[in-house]
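Shown next: run.txt, given as compact mmCIF, C-alpha atoms.
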# COMPACT_ATOMS: atom_id res chain seq x y z
CA MET A 264 77.85 -105.90 20.30
CA LEU A 265 79.99 -107.40 17.55
CA GLN A 266 83.65 -106.52 17.27
CA GLY A 267 84.18 -103.56 14.91
CA GLN A 268 80.72 -102.08 15.45
CA ILE A 269 80.55 -98.54 16.68
CA GLU A 270 78.26 -97.66 19.54
CA PHE A 271 76.84 -94.17 19.08
CA SER A 272 76.20 -92.17 22.20
CA LYS A 273 73.11 -90.06 22.69
CA TYR A 274 73.03 -87.04 20.37
CA ILE A 275 73.93 -84.01 22.48
CA VAL A 276 73.04 -80.45 21.55
CA MET A 277 74.89 -77.80 23.50
CA LEU A 278 74.02 -74.11 23.52
CA LEU A 279 73.87 -71.27 21.05
CA ILE A 280 74.28 -68.01 22.95
CA GLN A 281 73.38 -64.98 20.83
CA LEU A 282 74.86 -61.86 22.36
CA THR A 283 73.23 -58.63 21.23
CA GLY A 284 74.24 -55.07 22.00
CA LEU A 285 75.63 -51.87 20.57
CA SER A 286 79.14 -51.48 19.17
CA GLY A 287 81.64 -51.22 22.00
CA SER A 288 79.35 -52.70 24.66
CA GLY A 289 81.71 -55.62 25.29
CA LYS A 290 80.24 -58.52 23.31
CA SER A 291 83.51 -59.80 21.82
CA THR A 292 85.51 -59.23 25.02
CA ILE A 293 82.96 -61.10 27.13
CA ALA A 294 82.66 -63.90 24.56
CA ARG A 295 86.44 -64.45 24.50
CA GLY A 296 86.62 -64.42 28.31
CA VAL A 297 83.75 -66.90 28.60
CA LYS A 298 85.39 -69.17 26.02
CA ILE A 299 88.50 -69.35 28.22
CA CYS A 300 86.37 -69.98 31.34
CA LEU A 301 84.40 -72.80 29.71
CA GLU A 302 87.40 -74.44 28.06
CA GLU A 303 89.16 -74.53 31.44
CA LYS A 304 86.17 -76.54 32.65
CA GLY A 305 86.48 -78.96 29.70
CA PHE A 306 83.73 -77.61 27.42
CA ARG A 307 84.33 -77.18 23.71
CA THR A 308 83.45 -73.58 22.93
CA GLU A 309 83.60 -71.43 19.81
CA VAL A 310 83.10 -67.68 19.40
CA ILE A 311 81.50 -66.44 16.19
CA ASP A 312 82.61 -62.81 16.24
CA GLY A 313 80.41 -60.66 14.00
CA ASP A 314 83.25 -58.36 12.93
CA GLN A 315 85.56 -61.22 11.93
CA TYR A 316 82.99 -63.50 10.30
CA ARG A 317 81.32 -60.69 8.34
CA LYS A 318 84.55 -60.22 6.39
CA ILE A 319 84.72 -63.90 5.48
CA LEU A 320 81.12 -65.20 5.25
CA CYS A 321 79.28 -62.02 4.38
CA PRO A 322 81.49 -59.66 2.32
CA ASP A 323 78.63 -59.33 -0.18
CA LEU A 324 76.35 -57.72 2.41
CA GLY A 325 75.88 -54.06 3.27
CA TYR A 326 74.17 -52.49 6.26
CA SER A 327 70.52 -52.30 5.23
CA LYS A 328 68.04 -54.04 7.54
CA GLU A 329 67.75 -56.91 5.06
CA ASP A 330 71.52 -57.31 4.79
CA ARG A 331 72.02 -57.10 8.56
CA ASN A 332 69.39 -59.80 9.04
CA GLU A 333 70.99 -62.00 6.37
CA ASN A 334 74.36 -61.55 8.07
CA ILE A 335 72.92 -62.77 11.39
CA ARG A 336 71.04 -65.57 9.61
CA ARG A 337 74.33 -66.88 8.15
CA LEU A 338 76.26 -66.49 11.40
CA GLY A 339 73.40 -68.13 13.28
CA PHE A 340 73.43 -71.07 10.89
CA VAL A 341 77.14 -71.62 11.59
CA ALA A 342 76.61 -71.23 15.35
CA ASN A 343 73.69 -73.67 15.34
CA LEU A 344 75.70 -76.19 13.33
CA LEU A 345 78.40 -76.03 16.00
CA ALA A 346 75.84 -76.33 18.81
CA THR A 347 74.36 -79.46 17.24
CA GLN A 348 77.87 -80.97 17.32
CA GLY A 349 78.10 -80.55 21.10
CA ILE A 350 79.95 -77.24 21.04
CA ILE A 351 78.91 -74.15 23.00
CA ALA A 352 78.60 -71.50 20.30
CA ILE A 353 78.71 -67.85 21.29
CA LEU A 354 77.54 -65.48 18.56
CA ALA A 355 78.90 -62.00 19.35
CA ALA A 356 77.28 -59.55 16.95
CA ILE A 357 75.27 -56.33 17.23
CA ASN A 358 72.20 -58.25 16.02
CA PRO A 359 69.92 -55.16 16.15
CA TYR A 360 66.55 -56.57 15.07
CA GLU A 361 64.16 -58.57 17.23
CA GLU A 362 62.71 -60.50 14.29
CA ILE A 363 66.04 -62.14 13.42
CA ARG A 364 66.84 -62.85 17.08
CA GLU A 365 63.48 -64.62 17.30
CA GLU A 366 64.21 -66.46 14.06
CA LEU A 367 67.40 -67.86 15.58
CA LYS A 368 65.47 -68.87 18.71
CA GLY A 369 63.38 -70.98 16.35
CA TYR A 370 66.30 -73.42 16.14
CA GLY A 371 65.25 -74.72 19.55
CA GLN A 372 65.40 -74.31 23.30
CA HIS A 373 69.19 -74.47 23.19
CA VAL A 374 69.28 -70.90 21.79
CA LYS A 375 69.57 -68.19 24.45
CA THR A 376 69.57 -64.42 23.96
CA VAL A 377 71.87 -62.31 26.11
CA TRP A 378 71.62 -58.53 25.96
CA ILE A 379 74.93 -56.80 26.58
CA GLN A 380 73.52 -53.47 27.70
CA CYS A 381 75.55 -50.28 27.97
CA ASP A 382 74.29 -46.70 28.06
CA LEU A 383 75.06 -44.69 24.96
CA GLU A 384 76.88 -42.01 26.98
CA ILE A 385 79.41 -44.61 28.15
CA LEU A 386 79.83 -45.94 24.60
CA PHE A 387 80.59 -42.42 23.38
CA LEU A 388 83.29 -42.16 26.06
CA ARG A 389 84.78 -45.60 25.28
CA ASP A 390 84.58 -45.29 21.48
CA THR A 391 87.45 -47.75 20.97
CA LYS A 392 86.89 -47.92 17.20
CA GLN A 393 86.13 -44.18 16.83
CA LEU A 394 82.74 -45.11 15.30
CA TYR A 395 80.65 -42.85 17.52
CA LYS A 396 82.90 -39.89 16.75
CA LYS A 397 82.50 -40.56 13.01
CA ALA A 398 78.72 -40.91 13.34
CA LEU A 399 78.53 -37.38 14.76
CA LEU A 400 80.56 -35.76 11.96
CA PRO A 401 78.78 -33.33 9.61
CA GLU A 402 76.80 -34.96 6.79
CA ASP A 403 79.26 -33.79 4.13
CA HIS A 404 82.37 -35.08 5.95
CA PRO A 405 84.15 -37.88 4.02
CA GLU A 406 84.55 -40.04 7.18
CA LYS A 407 80.90 -39.68 8.27
CA ILE A 408 79.24 -42.96 9.28
CA SER A 409 75.54 -42.82 8.46
CA ASN A 410 74.48 -46.25 9.65
CA LEU A 411 75.86 -46.72 13.17
CA THR A 412 73.45 -48.85 15.14
CA GLY A 413 71.98 -46.99 18.09
CA VAL A 414 72.93 -43.56 16.76
CA ASN A 415 71.67 -43.11 13.21
CA ASP A 416 70.43 -46.66 12.59
CA PRO A 417 67.92 -48.60 14.73
CA PHE A 418 68.61 -50.98 17.58
CA GLU A 419 65.56 -52.81 18.90
CA ILE A 420 65.89 -53.57 22.59
CA PRO A 421 65.40 -57.32 23.15
CA SER A 422 61.84 -57.88 24.33
CA ASN A 423 62.55 -60.91 26.47
CA PRO A 424 66.28 -61.69 26.82
CA ASP A 425 67.29 -64.76 28.79
CA LEU A 426 69.95 -62.66 30.52
CA THR A 427 70.93 -58.98 30.62
CA ILE A 428 74.48 -57.94 31.45
CA ARG A 429 75.08 -54.26 32.23
CA THR A 430 78.65 -53.55 31.16
CA ASP A 431 78.26 -49.90 32.15
CA MET A 432 77.64 -50.95 35.77
CA GLU A 433 80.03 -53.85 36.33
CA THR A 434 83.59 -54.84 35.55
CA GLU A 435 84.66 -56.89 32.57
CA GLY A 436 85.55 -59.75 34.93
CA LYS A 437 82.12 -59.69 36.59
CA SER A 438 80.39 -59.70 33.18
CA ILE A 439 82.44 -62.72 32.08
CA GLU A 440 81.71 -64.49 35.37
CA THR A 441 77.97 -63.78 35.05
CA LEU A 442 77.71 -65.20 31.52
CA CYS A 443 79.90 -68.20 32.32
CA ALA A 444 77.71 -69.05 35.35
CA PHE A 445 74.54 -68.63 33.24
CA ILE A 446 75.86 -71.05 30.60
CA LEU A 447 76.96 -73.62 33.18
CA GLU A 448 73.54 -73.44 34.82
CA LYS A 449 71.81 -74.06 31.45
CA ILE A 450 74.09 -77.01 30.65
CA GLN A 451 73.43 -78.65 34.00
CA ALA A 452 69.65 -78.10 33.88

Kindly return the structure encoded in the file as structure tokens.
Amino acid sequence: MLQGQIEFSKYIVMLLIQLTGLSGSGKSTIARGVKICLEEKGFRTEVIDGDQYRKILCPDLGYSKEDRNENIRRLGFVANLLATQGIIAILAAINPYEEIREELKGYGQHVKTVWIQCDLEILFLRDTKQLYKKALLPEDHPEKISNLTGVNDPFEIPSNPDLTIRTDMETEGKSIETLCAFILEKIQA
């Protein structure tokens, strides 16, 4: 090799982990915990949090099925771009429709779907954002939410997730540990 030439290493694609689950199930919390776990092991990791990114990348979108799918499409594009740069991208969004989850899987085998499952009764009890309470208000109430996924808007259960984490049956720490181990296993495969 001549002096001044750059030797390019093999192009490495990391992972795109699309978390899916109802509001309050633990997607963002788990994603942040896994990011810390992976970074401690030397892996570059980025969390694409649906709540945060929607405000920046998708303020023009509402909550119709078409708009929800477009939101995930945009977030998935960003996550895939990161993954193709050797970063582990964790997309933490409700992502309620199977067709868009499958569309993202079309990026390649590096895309994995993880269902963050939690029974609705537990979510009603947690209700950290008071969304479930607002969804149950009378129709004429000014604070009524009419499009809460899983209550008065659809959530399609993933037909074939690569991993299911039951946050209603295990601790936050165990859920983080489970996802971190899953990612490490996929990287080393």

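Every protein, DNA or RNA residue with an atom at most 12 Å from range 405-409 of chain A, where only C-alpha atoms count and chain neighbours fewer than 5 positions away do not, is listed here: A:Tyr326, A:Ser327, A:Gln393, A:Leu394, A:Tyr395, A:Lys396, A:Lys397, A:Ala398, A:Leu399, A:Leu400, A:Val414, A:Asn415, A:Asp416, A:Pro417.
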
Resulting file, chosen residues, C-alpha atoms, as a tab-separated table (two decimals), in the coordinates of the input:
chain	number	residue	atom	x	y	z
A	326	TYR	CA	74.17	-52.49	6.26
A	327	SER	CA	70.52	-52.30	5.23
A	393	GLN	CA	86.13	-44.18	16.83
A	394	LEU	CA	82.74	-45.11	15.30
A	395	TYR	CA	80.65	-42.85	17.52
A	396	LYS	CA	82.90	-39.89	16.75
A	397	LYS	CA	82.50	-40.56	13.01
A	398	ALA	CA	78.72	-40.91	13.34
A	399	LEU	CA	78.53	-37.38	14.76
A	400	LEU	CA	80.56	-35.76	11.96
A	414	VAL	CA	72.93	-43.56	16.76
A	415	ASN	CA	71.67	-43.11	13.21
A	416	ASP	CA	70.43	-46.66	12.59
A	417	PRO	CA	67.92	-48.60	14.73

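Residues in contact range of Thr308 in chain A, defined as at most 10 Å between only C-alpha atoms, with sequence neighbours fewer than 6 positions away removed, read Met277, Leu278, Ala294, Arg295, Val297, Lys298, Ile299, Cys300, Leu301, Glu302, Leu345, Ala346, Gly349, Ile350, Ile351, Ala352 and Ile353 of chain A.
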
Restricted to C-alpha atoms, what would the selected residues look like written as a PDB file, in the coordinates of the input?
ATOM      1  CA  MET A 277      74.890 -77.800  23.500  1.00  0.00           C
ATOM      2  CA  LEU A 278      74.020 -74.110  23.520  1.00  0.00           C
ATOM      3  CA  ALA A 294      82.660 -63.900  24.560  1.00  0.00           C
ATOM      4  CA  ARG A 295      86.440 -64.450  24.500  1.00  0.00           C
ATOM      5  CA  VAL A 297      83.750 -66.900  28.600  1.00  0.00           C
ATOM      6  CA  LYS A 298      85.390 -69.170  26.020  1.00  0.00           C
ATOM      7  CA  ILE A 299      88.500 -69.350  28.220  1.00  0.00           C
ATOM      8  CA  CYS A 300      86.370 -69.980  31.340  1.00  0.00           C
ATOM      9  CA  LEU A 301      84.400 -72.800  29.710  1.00  0.00           C
ATOM     10  CA  GLU A 302      87.400 -74.440  28.060  1.00  0.00           C
ATOM     11  CA  LEU A 345      78.400 -76.030  16.000  1.00  0.00           C
ATOM     12  CA  ALA A 346      75.840 -76.330  18.810  1.00  0.00           C
ATOM     13  CA  GLY A 349      78.100 -80.550  21.100  1.00  0.00           C
ATOM     14  CA  ILE A 350      79.950 -77.240  21.040  1.00  0.00           C
ATOM     15  CA  ILE A 351      78.910 -74.150  23.000  1.00  0.00           C
ATOM     16  CA  ALA A 352      78.600 -71.500  20.300  1.00  0.00           C
ATOM     17  CA  ILE A 353      78.710 -67.850  21.290  1.00  0.00           C
TER      18      ILE A 353
END

Given only C-alpha atoms as the basis, pick out the residue of A:Arg307, A:Pro424, A:Asp403, A:Gly296 nearest to Gln348 in chain A. A:Arg307

Residue neighbourhood Thr391 in chain A, 12 Å, only C-alpha atoms, exclusion window fewer than 5 positions, as a list of chain:residue names: A:Ser286, A:Gly287, A:Ser288, A:Gly289, A:Ile385, A:Leu386, A:Lys396, A:Lys397

Rounded to one decimal, what separation in Å do you get between CA of Arg317 in chain A and CA of Gln372 in chain A? 25.7 Å

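Reported to one decimal place, the separation of CA of Ile280 in chain A from CA of Gly325 in chain A is 24.2 Å.
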
Residue contacts of Arg331 in chain A (9 Å, only C-alpha atoms) excluding same-chain residues fewer than 6 positions away, as a list of chain:residue names: A:Leu324, A:Gly325, A:Asn358, A:Pro359, A:Tyr360

Could you save the residues just selected, with C-alpha atoms, as an mmCIF file, keeping the file's coordinate frame?
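The new file again-v3.cif reads:
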data_model
loop_
_atom_site.group_PDB
_atom_site.id
_atom_site.type_symbol
_atom_site.label_atom_id
_atom_site.label_comp_id
_atom_site.auth_asym_id
_atom_site.auth_seq_id
_atom_site.Cartn_x
_atom_site.Cartn_y
_atom_site.Cartn_z
ATOM 1 C CA LEU A 324 76.350 -57.720 2.410
ATOM 2 C CA GLY A 325 75.880 -54.060 3.270
ATOM 3 C CA ASN A 358 72.200 -58.250 16.020
ATOM 4 C CA PRO A 359 69.920 -55.160 16.150
ATOM 5 C CA TYR A 360 66.550 -56.570 15.070
#

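Across A:Arg389, A:Phe418, A:Ile446, A:Asp431, the tightest approach to His373 in chain A is made by A:Ile446 when counting only C-alpha atoms.
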
Enter the distance from CA of Ser422 in chain A to CA of Glu361 in chain A, in Å, rounded to one decimal. 7.5 Å

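With distances taken over all atoms listed in the file, A:Leu285 is the one residue among A:Leu279, A:Val374, A:Ile335, A:Leu285 lying closest to Thr430 in chain A.
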
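The point (72.8, -57.2, 25.6) has these residues within 9 Å of it, counting all atoms listed in the file: A:Leu282, A:Thr283, A:Gly284, A:Leu285, A:Ser288, A:Lys290, A:Ile357, A:Thr376, A:Val377, A:Trp378, A:Ile379, A:Gln380, A:Cys381, A:Ile420, A:Pro421, A:Pro424, A:Leu426, A:Thr427, A:Ile428, A:Arg429, A:Thr430.
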
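The residue that comes closest to Tyr316 in chain A, out of A:Arg364, A:Ile450, A:Asn334, A:Lys328 and on the basis of all atoms listed in the file, is A:Asn334.
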
Can you pull out every residue within 9 Å of Gly339 in chain A, counting all atoms listed in the file, but drop anything in the same chain fewer than 6 positions away, and send it as a ChimeraX atom specification? /A:279,281,311,354,367

Pick out the closest residue to Glu333 in chain A from this set: A:Ile363, A:Gln315, A:Thr347, A:Lys392. Count all atoms listed in the file. A:Ile363
